[in-house]
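K.L.:
Enclosed is the structure file upload_27.cif (mmCIF, C-alpha atoms and all ligand atoms).
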```
data_my_file
#
loop_
_atom_site.label_atom_id
_atom_site.label_comp_id
_atom_site.auth_asym_id
_atom_site.auth_seq_id
_atom_site.Cartn_x
_atom_site.Cartn_y
_atom_site.Cartn_z
CA MET O 96 48.86 101.27 152.89
CA GLN O 97 49.18 104.94 153.88
CA PRO O 98 45.79 106.69 154.18
CA HIS O 99 46.40 108.99 151.19
CA GLU O 100 47.26 105.95 149.05
CA ARG O 101 43.66 104.79 149.48
CA LEU O 102 42.38 107.90 147.69
CA ILE O 103 41.60 107.83 143.96
CA LEU O 104 40.83 111.22 142.46
CA ALA O 105 38.34 111.08 139.56
CA LEU O 106 39.53 113.58 136.93
CA ASP O 107 35.97 114.21 135.71
CA LEU O 108 36.61 117.62 134.18
CA PRO O 109 35.96 118.72 130.58
CA GLN O 110 39.01 120.94 130.00
CA HIS O 111 42.49 119.53 129.42
CA ASP O 112 44.14 122.48 131.19
CA ALA O 113 41.97 122.02 134.27
CA ILE O 114 42.69 118.28 134.38
CA LEU O 115 46.42 118.87 134.18
CA ALA O 116 46.41 121.67 136.75
CA LEU O 117 44.56 119.46 139.23
CA ALA O 118 46.77 116.46 138.45
CA LYS O 119 49.91 118.55 139.09
CA ARG O 120 48.63 119.86 142.42
CA THR O 121 47.63 116.44 143.70
CA VAL O 122 50.84 114.46 143.03
CA GLY O 123 51.77 112.78 146.33
CA HIS O 124 48.34 113.48 147.87
CA VAL O 125 46.50 110.54 146.25
CA GLY O 126 47.22 106.90 145.47
CA MET O 127 45.85 107.11 141.93
CA VAL O 128 44.01 109.36 139.54
CA LYS O 129 41.01 108.02 137.66
CA VAL O 130 40.52 108.70 133.96
CA GLY O 131 36.94 107.90 132.99
CA LEU O 132 35.22 107.91 129.64
CA GLU O 133 34.55 111.64 129.92
CA ALA O 134 38.27 112.51 129.77
CA TYR O 135 39.39 109.47 127.74
CA VAL O 136 37.13 110.13 124.73
CA ARG O 137 38.45 113.69 124.53
CA TYR O 138 42.13 113.28 125.33
CA GLY O 139 42.89 109.54 124.97
CA ASN O 140 46.26 107.93 125.53
CA ALA O 141 48.14 111.23 125.31
CA LEU O 142 46.50 112.25 128.60
CA LEU O 143 47.58 108.97 130.21
CA GLU O 144 51.19 109.64 129.15
CA VAL O 145 51.19 113.10 130.71
CA LEU O 146 49.65 111.88 133.97
CA ALA O 147 52.20 109.07 134.19
CA GLU O 148 55.05 111.56 133.55
CA LEU O 149 53.77 113.58 136.50
CA GLY O 150 54.21 110.46 138.62
CA HIS O 151 50.57 109.42 139.00
CA SER O 152 49.37 105.82 138.99
CA ILE O 153 46.29 105.56 136.81
CA PHE O 154 42.90 103.90 137.13
CA LEU O 155 41.38 103.68 133.64
CA ASP O 156 37.64 103.48 134.24
CA LEU O 157 36.29 102.38 130.85
CA LYS O 158 33.67 99.97 132.28
CA LEU O 159 34.04 97.64 129.31
CA HIS O 160 30.99 95.54 128.41
CA ASP O 161 31.12 93.71 125.07
CA ILE O 162 31.71 90.26 123.61
CA PRO O 163 34.85 88.53 124.94
CA ARG O 164 36.87 88.93 121.71
CA THR O 165 36.23 92.66 121.54
CA VAL O 166 37.03 93.22 125.21
CA ALA O 167 40.28 91.24 124.84
CA ALA O 168 41.22 93.34 121.81
CA VAL O 169 40.56 96.58 123.71
CA VAL O 170 42.62 95.41 126.70
CA LYS O 171 45.50 94.47 124.38
CA GLY O 172 45.28 97.91 122.73
CA ILE O 173 45.64 99.80 126.01
CA ASP O 174 49.11 101.06 126.83
CA ALA O 175 49.23 99.12 130.09
CA ARG O 176 52.61 100.56 131.17
CA HIS O 177 50.75 103.48 132.73
CA ILE O 178 47.63 101.74 134.03
CA ARG O 179 47.21 100.00 137.38
CA LEU O 180 43.43 99.33 137.37
CA LEU O 181 40.98 98.82 134.49
CA THR O 182 37.23 98.32 134.89
CA VAL O 183 34.84 95.97 133.11
CA HIS O 184 31.14 95.48 133.88
CA ALA O 185 30.63 92.22 135.79
CA SER O 186 27.31 91.80 133.96
CA GLY O 187 29.34 91.14 130.78
CA GLY O 188 29.64 87.62 132.19
CA PRO O 189 32.34 85.08 133.09
CA GLU O 190 33.80 84.61 129.60
CA MET O 191 34.17 88.35 129.06
CA ILE O 192 35.89 88.80 132.44
CA ARG O 193 38.20 85.86 131.79
CA ALA O 194 39.06 87.27 128.35
CA ALA O 195 39.93 90.65 129.90
CA ARG O 196 42.10 89.01 132.56
CA ASP O 197 43.89 86.80 130.01
CA ALA O 198 44.60 89.78 127.74
CA ALA O 199 46.01 92.00 130.51
CA PRO O 200 49.57 91.92 131.86
CA ASP O 201 50.06 90.87 135.51
CA THR O 202 50.75 94.49 136.51
CA LEU O 203 47.23 95.54 135.51
CA ASP O 204 44.33 94.66 137.81
CA ILE O 205 40.98 93.93 136.18
CA ILE O 206 38.26 95.33 138.41
CA ALA O 207 34.62 94.34 137.84
CA VAL O 208 31.80 96.81 138.45
CA THR O 209 28.95 95.07 140.28
CA MET O 210 26.02 97.53 140.46
CA LEU O 211 26.51 101.23 139.79
CA THR O 212 26.37 103.37 142.93
CA SER O 213 23.79 105.54 141.17
CA MET O 214 21.28 102.65 141.17
CA ASP O 215 18.81 101.69 143.86
CA ASP O 216 16.47 98.70 144.08
CA SER O 217 13.85 100.23 141.82
CA THR O 218 16.24 101.32 139.03
CA ALA O 219 18.08 97.98 139.28
CA LYS O 220 14.79 96.11 138.76
CA ALA O 221 13.82 98.46 135.91
CA ALA O 222 17.13 97.61 134.23
CA GLY O 223 16.32 93.88 134.42
CA PHE O 224 18.15 92.96 137.63
CA LEU O 225 14.99 91.49 139.08
CA GLY O 226 16.59 90.29 142.33
CA GLY O 227 17.33 93.90 143.29
CA ILE O 228 20.64 95.33 144.47
CA ASP O 229 21.72 92.90 147.21
CA ALA O 230 21.12 89.61 145.42
CA THR O 231 22.61 90.98 142.18
CA VAL O 232 25.73 92.39 143.85
CA ARG O 233 26.35 89.08 145.62
CA ALA O 234 25.86 86.99 142.45
CA LEU O 235 27.90 89.28 140.19
CA GLY O 236 30.67 89.71 142.76
CA ASP O 237 31.02 85.96 143.28
CA MET O 238 31.00 85.23 139.56
CA ALA O 239 33.46 88.03 138.71
CA ILE O 240 36.09 86.99 141.25
CA SER O 241 35.79 83.33 140.35
CA SER O 242 36.17 84.32 136.67
CA GLY O 243 39.54 85.96 137.35
CA ALA O 244 38.73 89.58 138.29
CA ASP O 245 41.26 91.02 140.74
CA GLY O 246 38.69 93.11 142.56
CA LEU O 247 35.24 94.68 142.53
CA VAL O 248 33.76 98.16 142.28
CA CYS O 249 30.85 98.43 144.66
CA ALA O 250 29.03 100.87 146.91
CA SER O 251 30.04 101.00 150.55
CA PRO O 252 26.70 99.55 151.78
CA ASP O 253 27.40 96.50 149.55
CA LEU O 254 30.74 95.66 151.18
CA PRO O 255 29.29 93.43 153.96
CA LEU O 256 27.53 91.35 151.27
CA LEU O 257 30.92 90.54 149.76
CA HIS O 258 32.98 89.68 152.85
CA HIS O 259 33.26 86.03 151.88
CA ILE O 260 34.64 86.89 148.42
CA GLY O 261 38.33 87.68 147.79
CA GLY O 262 39.88 90.53 145.87
CA LYS O 263 40.28 94.28 146.23
CA ARG O 264 37.45 96.77 146.70
CA VAL O 265 37.08 100.07 144.87
CA VAL O 266 34.32 102.21 146.38
CA PRO O 267 32.79 105.23 144.62
CA GLY O 268 29.80 107.22 145.88
CA ILE O 269 31.90 108.82 148.61
CA ARG O 270 30.32 111.89 150.17
CA LEU O 271 31.49 114.16 152.97
CA GLY O 272 27.93 115.07 153.96
CA HIS O 273 24.41 115.19 152.55
CA VAL O 274 24.12 116.53 148.97
CA ASP O 275 20.70 117.67 147.70
CA GLY O 276 19.63 116.12 144.37
CA ASP O 277 22.64 113.77 144.21
CA ASP O 278 22.68 111.21 141.37
CA GLN O 279 24.60 108.82 143.64
CA ARG O 280 22.12 106.79 145.68
CA ARG O 281 24.29 104.43 147.76
CA THR O 282 26.82 106.71 149.41
CA ALA O 283 29.12 106.69 152.46
CA THR O 284 31.68 108.89 154.17
CA PRO O 285 35.36 108.05 153.63
CA VAL O 286 35.82 106.72 157.17
CA ASP O 287 32.69 104.55 157.00
CA ALA O 288 33.77 103.09 153.66
CA VAL O 289 37.26 102.23 154.94
CA ARG O 290 35.77 100.71 158.11
CA ALA O 291 33.46 98.61 155.92
CA GLY O 292 36.43 97.20 154.01
CA ALA O 293 37.18 99.53 151.07
CA THR O 294 40.70 99.18 149.64
CA TRP O 295 40.41 102.42 147.64
CA LEU O 296 37.92 105.30 147.68
CA VAL O 297 36.94 107.09 144.47
CA LEU O 298 36.52 110.81 145.03
CA GLY O 299 34.94 112.98 142.37
CA ARG O 300 32.75 115.98 143.09
CA PRO O 301 33.53 116.25 146.84
CA VAL O 302 37.08 117.13 145.78
CA LEU O 303 36.47 118.65 142.32
CA GLN O 304 33.98 121.15 143.72
CA SER O 305 36.06 122.02 146.77
CA PRO O 306 37.62 125.49 146.83
CA ASP O 307 40.86 123.78 147.95
CA PRO O 308 41.03 120.22 146.55
CA VAL O 309 44.42 119.42 148.12
CA ALA O 310 43.25 120.54 151.57
CA THR O 311 40.11 118.41 151.17
CA LEU O 312 42.17 115.35 150.16
CA ASN O 313 44.55 115.87 153.08
CA SER O 314 41.69 116.25 155.52
CA ILE O 315 40.07 113.01 154.24
CA ALA O 316 43.42 111.19 154.63
CA LYS O 317 43.78 112.56 158.16
CA ASN O 318 40.26 111.42 159.10
CA ILE O 319 41.10 107.92 157.85
CA ALA O 320 44.40 107.92 159.77
CA ASP O 321 42.62 109.05 162.96
CA ALA O 322 39.96 106.36 162.56
CA GLU O 323 42.62 103.69 162.00
CA THR O 324 44.51 104.82 165.11
CA SER O 325 41.41 104.86 167.30
CA SER O 326 40.44 101.33 166.18
CA GLN O 327 43.88 99.86 167.11
O1 LIG A 401 31.54 112.81 141.60
P1 LIG A 401 31.49 111.43 142.21
O2 LIG A 401 32.28 111.34 143.51
O3 LIG A 401 30.09 110.89 142.32
O4 LIG A 401 32.28 110.54 141.15
C1 LIG A 401 32.30 109.15 141.20
C2 LIG A 401 33.15 108.62 140.08
O5 LIG A 401 33.19 107.21 140.18
C3 LIG A 401 32.64 108.95 138.69
O6 LIG A 401 33.79 109.13 137.86
C4 LIG A 401 31.88 107.72 138.27
O7 LIG A 401 31.93 107.50 136.87
C5 LIG A 401 32.67 106.62 138.99
N1 LIG A 401 31.91 105.40 139.32
C6 LIG A 401 30.76 105.40 140.07
N2 LIG A 401 30.07 104.24 140.33
C7 LIG A 401 30.55 103.09 139.89
C8 LIG A 401 31.75 103.06 139.17
C9 LIG A 401 32.41 104.25 138.92
O8 LIG A 401 30.33 106.47 140.52
N3 LIG A 401 29.94 101.96 140.20
#
```
Could you quickly redo this structure as structure tokens?
Ligand code: C5P

P.N.:
Amino acid sequence: MQPHERLILALDLPQHDAILALAKRTVGHVGMVKVGLEAYVRYGNALLEVLAELGHSIFLDLKLHDIPRTVAAVVKGIDARHIRLLTVHASGGPEMIRAARDAAPDTLDIIAVTMLTSMDDSTAKAAGFLGGIDATVRALGDMAISSGADGLVCASPDLPLLHHIGGKRVVPGIRLGHVDGDDQRRTATPVDAVRAGATWLVLGRPVLQSPDPVATLNSIAKNIADAETSSQ
């Protein structure tokens, strides 16, 4: 995989015009764009069509979490021609993950979110994951892959916990340096995440808030390429 193909740009912007302008500028500079709930509830499938026409592959980050029948019905209702990755919450359980996988075409990867990168041990325990982050990530990751998920969303520090488990790895919480007051708790730089085993990196605010998003993406891809060369 080329370094830029590892980059997934999160289109977390409120305005349709701004989303499209950024999507146009970044064609060929990223492997995928990510449409999350923020953009999907406003602009729906019409946005997916336009992004696909621009030539983007799409990661639809809906983080589904419901009973198996409902999740299967949602997956069947998605226009999968345009979508390469779709997320479900691993904590929805084995039957829900299996239902999502069975309802999706082979061209669509079902990716299970283990623990949100915004959580730490104390918020995980407060939410009922009494084993804390590490034990929960390991248990959910194992269960999700053996239930048919094609990959996992996890934080970079979690990747070593999951080495024994197959599948692809989508890693959000990517930061280029320290950010004061960040809501993301378990972060890593792009190079560290790739070294730890990330297949794809999700980039939101580090690119969205950059004065030159394309230059930032290109510089991240170059850093990854340099790191890959120096490790050969
Ligand atoms: O702006 P930032 O780089 O933090 O954006 C990260 C993106 O990845 C957001 O769209 C967020 O919804 C998504 N995400 C995440 N943690 C997960 C799964 C997805 O941050 N576990």

K.L.:
Go through the chains and note each residue within 9 Å of ligand LIG 401 (chain A), using all atoms listed in the file, then give the set as a PyMOL selection string.

P.N.:
chain O and resi 104-107+129-133+156+158+182+208-214+248-250+265-270+277-279+282+297-304

K.L.:
Taking (38.0, 99.8, 161.1) in the file's coordinates as the center, which residues reach within 9 Å of it, counting only C-alpha atoms, put as a PyMOL selection string?

P.N.:
chain O and resi 286-287+289-292+322-323+325-327

K.L.:
If you measure from CA of Gly187 (chain O) to CA of Ile153 (chain O), what distance in Å do you get, rounded to one decimal?

P.N.:
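The value is 23.1 Å.
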
K.L.:
For region 191-201 of chain O, work out the shell of residues within 7 Å, counting all atoms listed in the file and skipping chain neighbours fewer than 6 positions away, then give it as a list in words.

P.N.:
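Once the adjacent positions are removed, what remains is Ile162, Pro163, Val166, Ala167, Val170, Lys171, Ala239, Ser242, Gly243 and Ala244 of chain O.
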
K.L.:
Quick one, how far is CA of Ala230 (chain O) from CA of Gly262 (chain O)?

P.N.:
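Going from CA of Ala230 (chain O) over to CA of Gly262 (chain O), I get 18.8 Å.
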
K.L.:
Find, counting only C-alpha atoms, the residue in O:Glu100, O:Asp275, O:Glu144, O:Asp253 that gets nearest to Asp229 (chain O).

P.N.:
O:Asp253

K.L.:
For region 309-315 of chain O, work out the shell of residues within 7 Å, counting all atoms listed in the file and skipping chain neighbours fewer than 5 positions away, then give it as a PyMOL selection string.

P.N.:
chain O and resi 121+124+285+302

K.L.:
One decimal, in Å: what's the spacing between CA of Leu271 (chain O) and CA of Val125 (chain O)?

P.N.:
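CA of Val125 (chain O) lies 16.8 Å from CA of Leu271 (chain O).
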
K.L.:
Let me make sure I understand: among O:His177, O:Gly126, O:Pro109, O:Arg164, which one has the smallest atom-to-atom distance to Asn140 (chain O) if we use all atoms listed in the file?

P.N.:
O:His177

K.L.:
Taking into account only C-alpha atoms, which residue in the set O:Gly227, O:Ser217, O:Ile205, O:Ala116 is nearest to Arg179 (chain O)?

P.N.:
O:Ile205

K.L.:
Using only C-alpha atoms for the distances, tell me which of O:Gly276, O:Gly226, O:Gly188, O:Gly246 is nearest to Leu203 (chain O).

P.N.:
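Nearest to Leu203 (chain O): O:Gly246.
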
K.L.:
With only C-alpha atoms as the atoms that count, which of O:Leu117, O:Ala168, O:Val122, O:Gln97 lies nearest to Pro306 (chain O)?

P.N.:
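The answer is O:Leu117, which sits nearest to Pro306 (chain O).
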
K.L.:
Using only C-alpha atoms for the distances, tell me which of O:Ile206, O:Lys220, O:Leu180, O:His258 is nearest to Ile240 (chain O).

P.N.:
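The closest residue to Ile240 (chain O) is O:Ile206.
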
K.L.:
Have region 176-187 of chain O completed to all heavy atoms, please, and pass it along as a compact mmCIF listing (two decimals), in the frame of the given file.

P.N.:
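So the final result, stored in out-v6.txt, reads:
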```txt
# COMPACT_ATOMS: atom_id res chain seq x y z
N ARG O 176 51.47 100.12 130.34
CA ARG O 176 52.61 100.56 131.17
C ARG O 176 52.16 101.57 132.21
O ARG O 176 52.73 101.68 133.28
CB ARG O 176 53.67 101.26 130.29
CG ARG O 176 54.48 100.33 129.44
CD ARG O 176 55.34 101.13 128.51
NE ARG O 176 54.56 102.11 127.76
CZ ARG O 176 55.07 103.20 127.16
NH1 ARG O 176 56.35 103.45 127.24
NH2 ARG O 176 54.29 104.02 126.49
N HIS O 177 51.15 102.37 131.86
CA HIS O 177 50.75 103.48 132.73
C HIS O 177 49.55 103.14 133.62
O HIS O 177 49.15 103.96 134.43
CB HIS O 177 50.36 104.69 131.89
CG HIS O 177 51.45 105.13 130.97
ND1 HIS O 177 52.76 105.20 131.36
CD2 HIS O 177 51.43 105.52 129.69
CE1 HIS O 177 53.49 105.61 130.35
NE2 HIS O 177 52.72 105.80 129.32
N ILE O 178 48.93 101.99 133.40
CA ILE O 178 47.63 101.74 134.03
C ILE O 178 47.75 100.68 135.13
O ILE O 178 48.33 99.61 134.91
CB ILE O 178 46.59 101.24 132.99
CG1 ILE O 178 46.65 102.06 131.72
CG2 ILE O 178 45.19 101.26 133.58
CD1 ILE O 178 46.31 103.49 131.88
N ARG O 179 47.17 100.98 136.27
CA ARG O 179 47.21 100.00 137.38
C ARG O 179 45.88 99.26 137.52
O ARG O 179 45.85 98.09 137.87
CB ARG O 179 47.53 100.79 138.65
CG ARG O 179 47.56 100.00 139.88
CD ARG O 179 48.75 100.34 140.75
NE ARG O 179 48.57 99.69 142.02
CZ ARG O 179 48.43 100.34 143.17
NH1 ARG O 179 48.49 101.65 143.21
NH2 ARG O 179 48.25 99.66 144.27
N LEU O 180 44.75 99.96 137.28
CA LEU O 180 43.43 99.33 137.37
C LEU O 180 42.64 99.63 136.10
O LEU O 180 42.71 100.75 135.58
CB LEU O 180 42.62 99.89 138.54
CG LEU O 180 43.21 99.94 139.94
CD1 LEU O 180 42.21 100.58 140.91
CD2 LEU O 180 43.59 98.56 140.42
N LEU O 181 41.87 98.64 135.65
CA LEU O 181 40.98 98.82 134.49
C LEU O 181 39.64 98.18 134.83
O LEU O 181 39.61 97.06 135.34
CB LEU O 181 41.59 98.14 133.26
CG LEU O 181 40.71 98.09 132.01
CD1 LEU O 181 40.58 99.48 131.39
CD2 LEU O 181 41.29 97.12 130.98
N THR O 182 38.54 98.88 134.54
CA THR O 182 37.23 98.32 134.89
C THR O 182 36.52 97.67 133.69
O THR O 182 36.61 98.13 132.56
CB THR O 182 36.28 99.41 135.44
OG1 THR O 182 36.38 100.57 134.63
CG2 THR O 182 36.59 99.72 136.88
N VAL O 183 35.80 96.59 134.03
CA VAL O 183 34.84 95.97 133.11
C VAL O 183 33.53 95.84 133.88
O VAL O 183 33.55 95.85 135.12
CB VAL O 183 35.32 94.56 132.65
CG1 VAL O 183 36.65 94.64 131.92
CG2 VAL O 183 35.42 93.60 133.82
N HIS O 184 32.42 95.73 133.18
CA HIS O 184 31.14 95.48 133.88
C HIS O 184 31.02 93.99 134.18
O HIS O 184 31.09 93.16 133.25
CB HIS O 184 29.95 95.92 133.02
CG HIS O 184 29.52 97.32 133.29
ND1 HIS O 184 28.96 97.71 134.48
CD2 HIS O 184 29.58 98.43 132.52
CE1 HIS O 184 28.68 99.00 134.44
NE2 HIS O 184 29.06 99.47 133.27
N ALA O 185 30.80 93.63 135.44
CA ALA O 185 30.63 92.22 135.79
C ALA O 185 29.50 91.58 134.99
O ALA O 185 29.57 90.41 134.63
CB ALA O 185 30.36 92.08 137.29
N SER O 186 28.47 92.37 134.67
CA SER O 186 27.31 91.80 133.96
C SER O 186 27.66 91.38 132.53
O SER O 186 26.84 90.76 131.86
CB SER O 186 26.14 92.79 133.96
OG SER O 186 26.58 94.03 133.45
N GLY O 187 28.88 91.67 132.08
CA GLY O 187 29.34 91.14 130.78
C GLY O 187 29.55 89.63 130.83
O GLY O 187 29.64 88.98 129.79
```
